[in-house]
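Undergrad: Take this structure, written in structure tokens, and hold onto it; I'll ask about it next.
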Amino acid sequence: MSIKLETLRTFCTVAQTGNLAEAADRLGRTQSAVSMTLKQFEEHLGRKLFQGERKAQLSALGEEVFEQALKQVRAYDETIQGIEGAAQSRHGQIRIASVPSVAAVVFPAVTDHMTKRFPGVKIEMRDTHTSQVLDALLSGRADIGIASGHHPLNGIETVPLFRDPFGLIASADHPLAQAPQHPTLAEVVTRNFVRNALCDLIQTPDFLNAVEKSDVTIQNTLSLVAMVQTKDWVTILPQTVTRFLPQSVIFRPISDLPDQREVYLYTRTRTPHETITRACADFIQSRDWS
């Protein structure tokens, strides 16, 4: 048996729903057909993907297979969406992937500029973390990428876009927000510090030593800000995020944290609509986003 995409999709749907009936309804198939697909998949692998017969809990192998299979299913769906979008875009298409903290700042201006300069152009934007931005560029699912850090890629032009300092993100009512002096790392990175993905870009030794003791990590920026709004928790983010923070949350420099986040613009050198891609990249590069 060769493992087909629909086999992976069926398995992922069952894993996500936790039962055959709902999975079958989502897939538009009969429950017996879904059950047979899973049985054949497990027979091919020679091991069980679920614990028990109710499909409510994955086995250890199932967890690993689910992680890999979901990536393939999503990549396929994005590819099909891109193909269909290209077919429908008689006036051209531009696909942009960006880290969320920059997307919130860049996307509105880019949309306004591109729709005015190229009426009828199809614009597809997604915000995701740096590794997926790079994957989208390499796989041809994005024409332009905006990501943290410098990552040389074959066939992709890379230029620095801006730099912004890291600092404290806290509720405006938090003691560190009210203190007359800028806080120190020792005051910020305590048991009530929330780690996030952008913290991995910070290389100051005192921070690296302190953050190892952090027990809470939140990857999603909106969830992170919601956590900080409770007034009990703080985090560290680049200053650019202050453009979309609620008024109840503030940014403050940290006196002994010199690190800055470096943001780069990535542009594929060959795309289906090179004129549009180049114009979009030039616009992004011409603006001061810091």
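Residue names in the structure tokens use chain letters A, B, ... in the order shown, residue numbers from 1 in each chain, and ligand numbers from 1 in the order shown.
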Set the distance at 9 Å and use only C-alpha atoms: which residues neighbour segment 239-247 of chain A once local chain neighbours fewer than 4 positions away are removed? I'd like the list as a list of chain:residue names.

TA: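 After dropping sequence-adjacent residues, the list is A:Ser101, A:Val102, A:Ala104, A:Val105, A:Asp164, A:Pro165, A:Phe166, A:Gly167, A:Leu168, A:Ile169, A:Ser171, A:Ala172, A:Val225, A:Phe251, A:Arg252, A:Pro253, A:Trp289, A:Ser290.
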
Undergrad: As a PyMOL selection string, please: the residues near Ile3 of chain A (cut-off 12 Å, only C-alpha atoms, same-chain neighbours under 5 positions excluded).

TA: chain A and resi 8-11+37-38+40-45+69+72

Undergrad: Please tabulate, as a Markdown table, the residues of segment 42-120 of chain A that come within 7 Å of segment 259-276 of chain A, each with its closest pair of atoms and the distance in Å to one decimal, counting only C-alpha atoms and ordering rows by chain, then residue number upward.

TA:
| residue | atom | partner | partner_atom | distance |
| --- | --- | --- | --- | --- |
| A:Gly92 | CA | A:His273 | CA | 6.1 |
| A:Gln93 | CA | A:His273 | CA | 6.6 |
| A:Ile94 | CA | A:Ile276 | CA | 6.8 |

Undergrad: Can you work out which one of A:Glu22, A:Ala56, A:Lys39, A:Ile123 has the shortest atom-to-atom distance to Pro108 of chain A, counting only C-alpha atoms?

TA: A:Ile123

Undergrad: Which is closer to His129 of chain A than all the others in A:Ala75, A:Ala197, A:Leu70, A:Ala109, using only C-alpha atoms?

TA: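 Among the listed residues, A:Ala197 lies closest to His129 of chain A.
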
Undergrad: Can you pull out every residue within 12 Å of Leu27 of chain A, counting only C-alpha atoms, but drop anything in the same chain fewer than 2 positions away, and send it as a PyMOL selection string?

TA: chain A and resi 6-7+9-14+17+20-25+29-31+33-34

Undergrad: I need the chosen residues saved as an mmCIF file, in the first residue's frame, with C-alpha atoms.

TA:
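And here is the file that came out, out-v4.cif:
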data_model
loop_
_atom_site.group_PDB
_atom_site.id
_atom_site.type_symbol
_atom_site.label_atom_id
_atom_site.label_comp_id
_atom_site.auth_asym_id
_atom_site.auth_seq_id
_atom_site.Cartn_x
_atom_site.Cartn_y
_atom_site.Cartn_z
ATOM 1 C CA GLU A 6 -6.322 11.337 1.374
ATOM 2 C CA THR A 7 -5.159 8.669 3.826
ATOM 3 C CA ARG A 9 -6.161 13.721 5.549
ATOM 4 C CA THR A 10 -8.501 11.059 6.910
ATOM 5 C CA PHE A 11 -6.124 10.219 9.754
ATOM 6 C CA CYS A 12 -5.608 13.899 10.654
ATOM 7 C CA THR A 13 -9.342 14.581 10.665
ATOM 8 C CA VAL A 14 -10.022 11.648 12.999
ATOM 9 C CA THR A 17 -12.147 15.319 16.063
ATOM 10 C CA LEU A 20 -15.151 8.501 13.569
ATOM 11 C CA ALA A 21 -18.649 9.909 13.200
ATOM 12 C CA GLU A 22 -17.677 13.584 13.206
ATOM 13 C CA ALA A 23 -14.613 12.895 11.062
ATOM 14 C CA ALA A 24 -16.750 11.098 8.498
ATOM 15 C CA ASP A 25 -19.190 14.019 8.439
ATOM 16 C CA ARG A 29 -17.560 9.899 3.666
ATOM 17 C CA THR A 30 -19.250 7.034 5.445
ATOM 18 C CA GLN A 31 -18.065 6.043 8.890
ATOM 19 C CA ALA A 33 -15.058 3.984 4.838
ATOM 20 C CA VAL A 34 -13.126 6.161 7.296
#

Undergrad: Pick the closest to Phe107 of chain A from A:Ala177, A:Val228, A:Ile144, A:Leu134: which is it, counting only C-alpha atoms?

TA: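 Among the listed residues, the smallest separation from Phe107 of chain A belongs to A:Ile144.
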
Undergrad: Let's see if you can do this: from backbone DSSP, list all strand (DSSP E) residues in segment 69-120 of chain A, as a tab-separated table (two decimals) with N, CA and C atoms, in the first residue's frame.

TA:
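So states.tsv came out as:
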chain	number	residue	atom	x	y	z
A	93	GLN	N	-0.81	38.24	-9.28
A	93	GLN	CA	-0.97	37.79	-7.90
A	93	GLN	C	0.31	38.03	-7.13
A	94	ILE	N	0.18	38.37	-5.85
A	94	ILE	CA	1.33	38.51	-4.96
A	94	ILE	C	1.01	37.79	-3.65
A	95	ARG	N	1.95	36.96	-3.20
A	95	ARG	CA	1.76	36.19	-1.96
A	95	ARG	C	2.84	36.58	-0.98
A	96	ILE	N	2.43	37.00	0.22
A	96	ILE	CA	3.36	37.51	1.21
A	96	ILE	C	3.17	36.74	2.52
A	97	ALA	N	4.29	36.32	3.10
A	97	ALA	CA	4.27	35.68	4.42
A	97	ALA	C	5.15	36.50	5.35
A	98	SER	N	4.68	36.72	6.57
A	98	SER	CA	5.41	37.56	7.50
A	98	SER	C	5.23	37.09	8.93
